[in-house]
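Heads up, input.txt below (compact mmCIF, C-alpha atoms):
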# COMPACT_ATOMS: atom_id res chain seq x y z
CA MET A 1 43.82 -3.99 154.44
CA VAL A 2 45.23 -2.38 151.31
CA GLU A 3 42.72 -0.41 149.23
CA LEU A 4 43.46 0.16 145.56
CA LYS A 5 42.13 3.45 144.21
CA THR A 6 40.32 4.02 140.94
CA ALA A 7 41.68 6.45 138.35
CA ALA A 8 38.99 8.90 139.46
CA GLY A 9 40.07 8.59 143.09
CA ILE A 10 43.69 9.21 142.17
CA GLU A 11 42.70 12.37 140.33
CA ARG A 12 40.82 13.56 143.42
CA MET A 13 43.94 12.94 145.49
CA ARG A 14 45.95 14.90 142.92
CA VAL A 15 43.73 17.93 143.57
CA THR A 16 44.60 17.70 147.27
CA GLY A 17 48.24 17.10 146.46
CA ARG A 18 48.53 20.20 144.31
CA PHE A 19 47.02 22.29 147.10
CA ILE A 20 49.58 20.93 149.55
CA ALA A 21 52.41 21.55 147.08
CA GLY A 22 51.33 25.16 146.74
CA VAL A 23 51.16 25.73 150.48
CA LEU A 24 54.58 24.16 151.05
CA ALA A 25 56.06 26.33 148.30
CA GLU A 26 54.68 29.42 150.04
CA LEU A 27 56.09 28.22 153.35
CA ARG A 28 59.54 27.68 151.85
CA ALA A 29 59.52 31.35 150.85
CA LYS A 30 58.21 32.47 154.25
CA ALA A 31 60.74 30.51 156.33
CA GLN A 32 63.17 33.38 156.89
CA ILE A 33 65.33 34.53 159.80
CA GLY A 34 63.12 36.00 162.54
CA VAL A 35 59.88 34.37 161.42
CA ASN A 36 58.06 32.63 164.30
CA LEU A 37 56.89 29.05 163.93
CA LEU A 38 53.46 30.09 165.19
CA GLU A 39 53.21 32.54 162.28
CA LEU A 40 53.75 29.65 159.86
CA GLU A 41 51.12 27.57 161.67
CA ALA A 42 48.62 30.46 161.49
CA PHE A 43 49.32 30.89 157.77
CA VAL A 44 48.65 27.21 157.07
CA ARG A 45 45.49 27.25 159.17
CA GLU A 46 44.15 30.17 157.16
CA ARG A 47 45.04 28.63 153.80
CA ILE A 48 43.22 25.43 154.79
CA ARG A 49 40.17 27.44 155.89
CA GLU A 50 40.13 29.44 152.64
CA ARG A 51 40.26 26.27 150.54
CA GLY A 52 37.56 24.47 152.52
CA ALA A 53 40.03 21.69 153.25
CA VAL A 54 40.35 19.67 156.47
CA SER A 55 43.58 19.27 158.40
CA CYS A 56 44.54 15.63 158.94
CA TYR A 57 46.58 16.63 162.00
CA TRP A 58 43.98 18.55 163.99
CA ASP A 59 42.63 16.21 166.70
CA TYR A 60 44.95 13.43 165.49
CA SER A 61 45.40 10.94 168.37
CA PRO A 62 47.60 7.96 167.41
CA SER A 63 48.95 5.49 169.93
CA PHE A 64 52.46 6.97 169.81
CA GLY A 65 51.47 10.61 170.47
CA ARG A 66 50.11 12.54 173.44
CA GLY A 67 46.93 13.55 171.66
CA PRO A 68 45.03 15.24 170.45
CA PHE A 69 47.39 17.13 168.12
CA ARG A 70 46.15 20.73 168.01
CA ASN A 71 47.96 22.16 165.00
CA THR A 72 47.62 21.96 161.22
CA ILE A 73 51.26 21.34 160.29
CA CYS A 74 54.30 19.63 161.79
CA LEU A 75 57.27 22.00 162.08
CA SER A 76 60.51 20.34 163.19
CA VAL A 77 63.71 22.34 163.75
CA ASN A 78 67.33 21.13 163.61
CA ASP A 79 67.55 17.85 165.58
CA ALA A 80 63.75 17.50 165.52
CA VAL A 81 62.58 15.59 162.45
CA LEU A 82 59.00 14.32 162.83
CA HIS A 83 55.73 15.47 164.41
CA GLY A 84 57.20 18.75 165.60
CA LEU A 85 54.67 20.86 167.50
CA PRO A 86 54.77 24.51 166.36
CA PHE A 87 55.83 26.65 169.31
CA ASP A 88 56.95 30.18 170.10
CA TYR A 89 60.32 30.13 168.35
CA ASP A 90 61.88 32.65 165.97
CA LEU A 91 63.87 31.01 163.18
CA ARG A 92 67.61 31.66 163.31
CA ASP A 93 70.36 31.81 160.71
CA GLY A 94 71.33 28.26 159.72
CA ASP A 95 68.29 26.51 161.18
CA VAL A 96 67.11 23.36 159.39
CA LEU A 97 63.31 23.32 159.25
CA SER A 98 61.23 20.31 158.18
CA MET A 99 57.59 21.05 157.28
CA ASP A 100 55.10 18.17 156.99
CA LEU A 101 51.54 18.81 155.79
CA ALA A 102 48.59 16.46 155.28
CA VAL A 103 45.07 17.61 154.43
CA SER A 104 41.83 16.22 153.04
CA ILE A 105 39.77 17.89 150.30
CA ASP A 106 36.33 16.47 149.58
CA GLY A 107 37.29 13.32 151.46
CA TRP A 108 40.59 12.65 149.65
CA VAL A 109 43.95 12.92 151.44
CA ALA A 110 47.48 13.77 150.36
CA ASP A 111 50.64 14.17 152.45
CA SER A 112 54.00 15.82 151.73
CA ALA A 113 57.05 17.16 153.54
CA THR A 114 59.99 19.35 152.65
CA THR A 115 63.08 20.58 154.49
CA VAL A 116 64.56 24.07 154.12
CA ILE A 117 67.66 25.74 155.51
CA VAL A 118 67.09 29.23 156.89
CA GLY A 119 69.64 31.90 156.00
CA GLU A 120 73.22 30.75 155.40
CA ALA A 121 73.39 26.99 154.88
CA ALA A 122 76.18 24.85 156.29
CA PRO A 123 77.53 22.43 153.64
CA GLU A 124 76.89 19.40 155.86
CA ASP A 125 73.23 20.43 156.23
CA VAL A 126 72.86 20.92 152.47
CA ARG A 127 74.26 17.43 151.96
CA LEU A 128 71.84 15.93 154.50
CA VAL A 129 68.77 17.59 152.99
CA ARG A 130 69.87 16.64 149.49
CA ALA A 131 70.30 13.01 150.56
CA THR A 132 66.66 12.79 151.63
CA GLU A 133 65.61 14.29 148.29
CA LEU A 134 67.75 11.83 146.33
CA ALA A 135 66.40 8.96 148.42
CA LEU A 136 62.86 10.10 147.69
CA ASP A 137 63.60 10.26 143.95
CA ALA A 138 65.09 6.74 144.04
CA ALA A 139 62.14 5.39 146.01
CA ILE A 140 59.63 6.91 143.59
CA GLU A 141 61.49 5.34 140.67
CA ALA A 142 61.25 1.97 142.46
CA ALA A 143 57.45 2.30 142.86
CA GLN A 144 56.77 0.44 139.63
CA PRO A 145 53.84 -1.96 139.22
CA GLY A 146 55.08 -5.49 139.83
CA ASN A 147 57.84 -4.37 142.21
CA ARG A 148 57.46 -4.79 145.94
CA ILE A 149 57.49 -2.54 149.00
CA GLY A 150 60.94 -3.89 149.78
CA ASP A 151 62.24 -2.37 146.55
CA ILE A 152 61.14 1.09 147.73
CA SER A 153 62.67 0.56 151.18
CA ALA A 154 65.94 -0.75 149.74
CA ALA A 155 66.21 2.24 147.38
CA ILE A 156 65.93 4.65 150.30
CA ALA A 157 68.48 2.80 152.40
CA ALA A 158 70.95 2.58 149.52
CA VAL A 159 71.08 6.38 149.25
CA ALA A 160 71.44 6.72 153.02
CA ARG A 161 74.36 4.30 153.08
CA GLU A 162 76.00 5.96 150.10
CA HIS A 163 76.02 9.19 152.10
CA GLY A 164 77.03 7.51 155.37
CA TYR A 165 73.76 8.13 157.21
CA PRO A 166 72.19 5.54 159.53
CA VAL A 167 68.53 4.62 158.97
CA ASN A 168 65.75 4.49 161.55
CA THR A 169 62.95 2.01 160.80
CA GLU A 170 60.48 2.97 163.54
CA PHE A 171 58.79 5.64 161.42
CA GLY A 172 58.42 5.54 157.65
CA GLY A 173 55.98 5.82 154.79
CA HIS A 174 52.44 4.52 154.58
CA GLY A 175 49.38 4.03 152.47
CA LEU A 176 46.82 6.83 152.33
CA GLY A 177 43.70 7.87 150.46
CA ARG A 178 40.51 8.32 152.43
CA THR A 179 42.52 8.65 155.64
CA MET A 180 46.05 9.84 156.39
CA HIS A 181 47.38 6.44 157.44
CA GLU A 182 46.41 3.24 155.65
CA ASP A 183 48.20 -0.01 154.87
CA PRO A 184 50.90 -0.79 153.86
CA HIS A 185 53.72 0.48 156.05
CA ILE A 186 56.84 1.46 154.10
CA SER A 187 60.05 1.17 156.07
CA ASN A 188 63.04 3.31 155.12
CA ASP A 189 65.15 0.16 155.00
CA GLY A 190 64.32 -3.26 153.64
CA VAL A 191 65.15 -6.10 151.30
CA ALA A 192 64.48 -5.71 147.59
CA GLY A 193 61.98 -8.20 146.20
CA ARG A 194 60.22 -8.68 149.55
CA ALA A 195 56.86 -7.69 151.06
CA PHE A 196 53.65 -6.47 149.40
CA ARG A 197 53.57 -6.42 145.59
CA LEU A 198 52.87 -2.98 144.09
CA LYS A 199 49.68 -2.89 142.03
CA PRO A 200 48.06 -0.13 139.95
CA GLY A 201 45.77 1.90 142.20
CA LEU A 202 48.03 1.74 145.25
CA THR A 203 48.56 5.21 146.75
CA ILE A 204 51.38 5.69 149.23
CA ALA A 205 53.30 8.38 151.07
CA ILE A 206 57.05 7.79 150.70
CA GLU A 207 59.06 9.70 153.29
CA PRO A 208 62.78 9.19 153.78
CA TRP A 209 64.21 11.02 156.78
CA PHE A 210 67.74 10.83 158.13
CA ALA A 211 69.70 12.04 161.12
CA ARG A 212 73.34 12.78 160.47
CA THR A 213 74.96 10.46 163.02
CA THR A 214 72.34 8.20 164.65
CA ASP A 215 69.40 5.91 163.91
CA ARG A 216 67.95 6.38 167.39
CA VAL A 217 65.24 8.89 168.30
CA VAL A 218 63.74 10.38 171.45
CA THR A 219 60.41 12.08 172.06
CA ASP A 220 60.07 15.49 173.71
CA ALA A 221 58.07 16.07 176.86
CA ASP A 222 55.29 17.45 174.63
CA GLY A 223 54.61 13.83 173.67
CA TRP A 224 54.94 14.52 169.95
CA THR A 225 58.21 16.04 168.74
CA ILE A 226 60.67 13.33 167.66
CA ARG A 227 64.38 14.18 167.73
CA SER A 228 67.67 12.47 166.96
CA ALA A 229 68.90 10.83 170.15
CA ASP A 230 72.35 12.40 169.89
CA GLY A 231 71.20 15.91 168.93
CA SER A 232 72.52 15.68 165.36
CA ARG A 233 70.75 17.54 162.57
CA THR A 234 67.95 15.87 160.64
CA ALA A 235 66.03 16.23 157.36
CA HIS A 236 62.80 14.86 155.90
CA SER A 237 61.34 14.71 152.37
CA GLU A 238 57.98 13.21 151.39
CA HIS A 239 55.62 12.86 148.43
CA THR A 240 52.30 11.15 147.86
CA VAL A 241 52.69 8.69 144.98
CA ALA A 242 50.20 6.66 142.96
CA VAL A 243 51.28 3.38 141.40
CA THR A 244 49.75 3.16 137.92
CA ALA A 245 50.05 0.84 134.93
CA ASP A 246 52.24 3.53 133.34
CA GLY A 247 54.52 3.81 136.37
CA PRO A 248 54.60 5.99 139.51
CA GLN A 249 52.84 9.36 139.52
CA VAL A 250 53.72 12.01 142.10
CA LEU A 251 50.49 13.63 143.33
CA THR A 252 52.07 16.33 145.52
CA ARG A 253 54.03 18.26 142.90
CA ALA A 254 52.81 21.67 141.83
Translate this file's structure into structure tokens.
Amino acid sequence: MVELKTAAGIERMRVTGRFIAGVLAELRAKAQIGVNLLELEAFVRERIRERGAVSCYWDYSPSFGRGPFRNTICLSVNDAVLHGLPFDYDLRDGDVLSMDLAVSIDGWVADSATTVIVGEAAPEDVRLVRATELALDAAIEAAQPGNRIGDISAAIAAVAREHGYPVNTEFGGHGLGRTMHEDPHISNDGVAGRAFRLKPGLTIAIEPWFARTTDRVVTDADGWTIRSADGSRTAHSEHTVAVTADGPQVLTRA
């Protein structure tokens, strides 16, 4: 069931979104050569504790994972793109790191992800990361009242195809608000003009992610970390967006 939020609810989600944006900005600065992923996890855990927020990942046990998830952020390196479990790993020059964070403050959830390149960036990695950012921008622009979910999905896929990247449709965006995952599902590929009509009050997480040369994924033995099936590099960008009568509003920008 799709729940439309009131203006007051959207403002509460914006509070959460701004907190997440701030933490991700700090993490982007901290993600340097030699920094351990567990240090980043510990930093996020402390920031959540200080704010009195609640991690949406801690104890998360969906059907596709080997739960419960016992971390407060997903950290995915290089060919890993989603649900990466933080582990004892020191970041290296040229690593591509995706960071995905979802928390609840006073019962209202927001969710966002960003990808950074550690140290010296290879041009092909810069292009991949930028493609996810451009796809996110296009998808947000498509999130107009009266449009449909398919318009968002088609906007993402158009950017992927323009850059020559295949699109996986197993994992995509989703509704959110009181919980991290609500209806509707938002595929990263679809047909414009199809599916659920966008209405003011709809709050969604839009999250394009691409692998450079495949649309297939595999899951690590940890039961969580999702990687490109061919080992190619990946990237992931995500914002929480509210559909309003005045157009889309991004709730996870600082």
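Among the candidates A:Val243, A:Ile226, A:Ala221, A:Ile149, the one nearest to Phe196 in chain A when counting only C-alpha atoms is A:Ile149.
The smallest atom-to-atom distance between Arg194 in chain A and any of A:Leu176, A:Ile152, A:Ala102, A:Val15, using only C-alpha atoms, is found for A:Ile152.
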Exercise. Mind checking which residues fall within 6 Å of Leu75 in chain A, counting only C-alpha atoms, ignoring those fewer than 2 positions away in the same chain, and posting them as a PyMOL selection string?
Key: chain A and resi 84+86+98-99
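In this structure, CA of Gly193 in chain A sits 27.8 Å away from CA of Arg178 in chain A.
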Practice problem: Show which residues sit within 9 Å of Gln32 in chain A, as a PyMOL selection string. Count only C-alpha atoms, and ignore same-chain residues fewer than 2 positions away. | Solution: chain A and resi 28-30+34-35+91-93+117-119
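One finds CA of Leu24 in chain A at 20.9 Å from CA of Arg233 in chain A.
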If we count all atoms listed in the file, what is near Asn147 in chain A at a cut-off of 7 Å, once residues fewer than 2 positions away on the same chain are taken out, given as a tab-separated table (two decimals) with C-alpha atoms, in the coordinates of the input?
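Written output follows (part-v7.tsv):
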chain	number	residue	atom	x	y	z
A	143	ALA	CA	57.45	2.30	142.86
A	144	GLN	CA	56.77	0.44	139.63
A	145	PRO	CA	53.84	-1.96	139.22
A	151	ASP	CA	62.24	-2.37	146.55
A	193	GLY	CA	61.98	-8.20	146.20
A	197	ARG	CA	53.57	-6.42	145.59
A	198	LEU	CA	52.87	-2.98	144.09
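CA of Ala235 in chain A is found 14.5 Å from CA of Ala157 in chain A.
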Per residue of range 18-44 of chain A within 10 Å of range 49-68 of chain A, which atom pair is closest and at what distance in Å (one decimal), using only C-alpha atoms, listed by chain and increasing number, as a tab-separated table?
residue	atom	partner	partner_atom	distance
A:Phe19	CA	A:Arg51	CA	8.6
A:Phe43	CA	A:Arg49	CA	10.0
A:Val44	CA	A:Arg49	CA	8.6
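Distances from A:Ala113, A:Ala7, A:Ala192, A:Ala122 to Val81 in chain A were compared using only C-alpha atoms, and the smallest one belongs to A:Ala113.
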Self-check item: Distance query Thr114 in chain A at most 10 Å, all atoms listed in the file, self and fewer than 6 positions along chain excluded, as a PyMOL selection string
Solution: chain A and resi 21+24-25+27-28+97-101+129+132-133+207+235-239
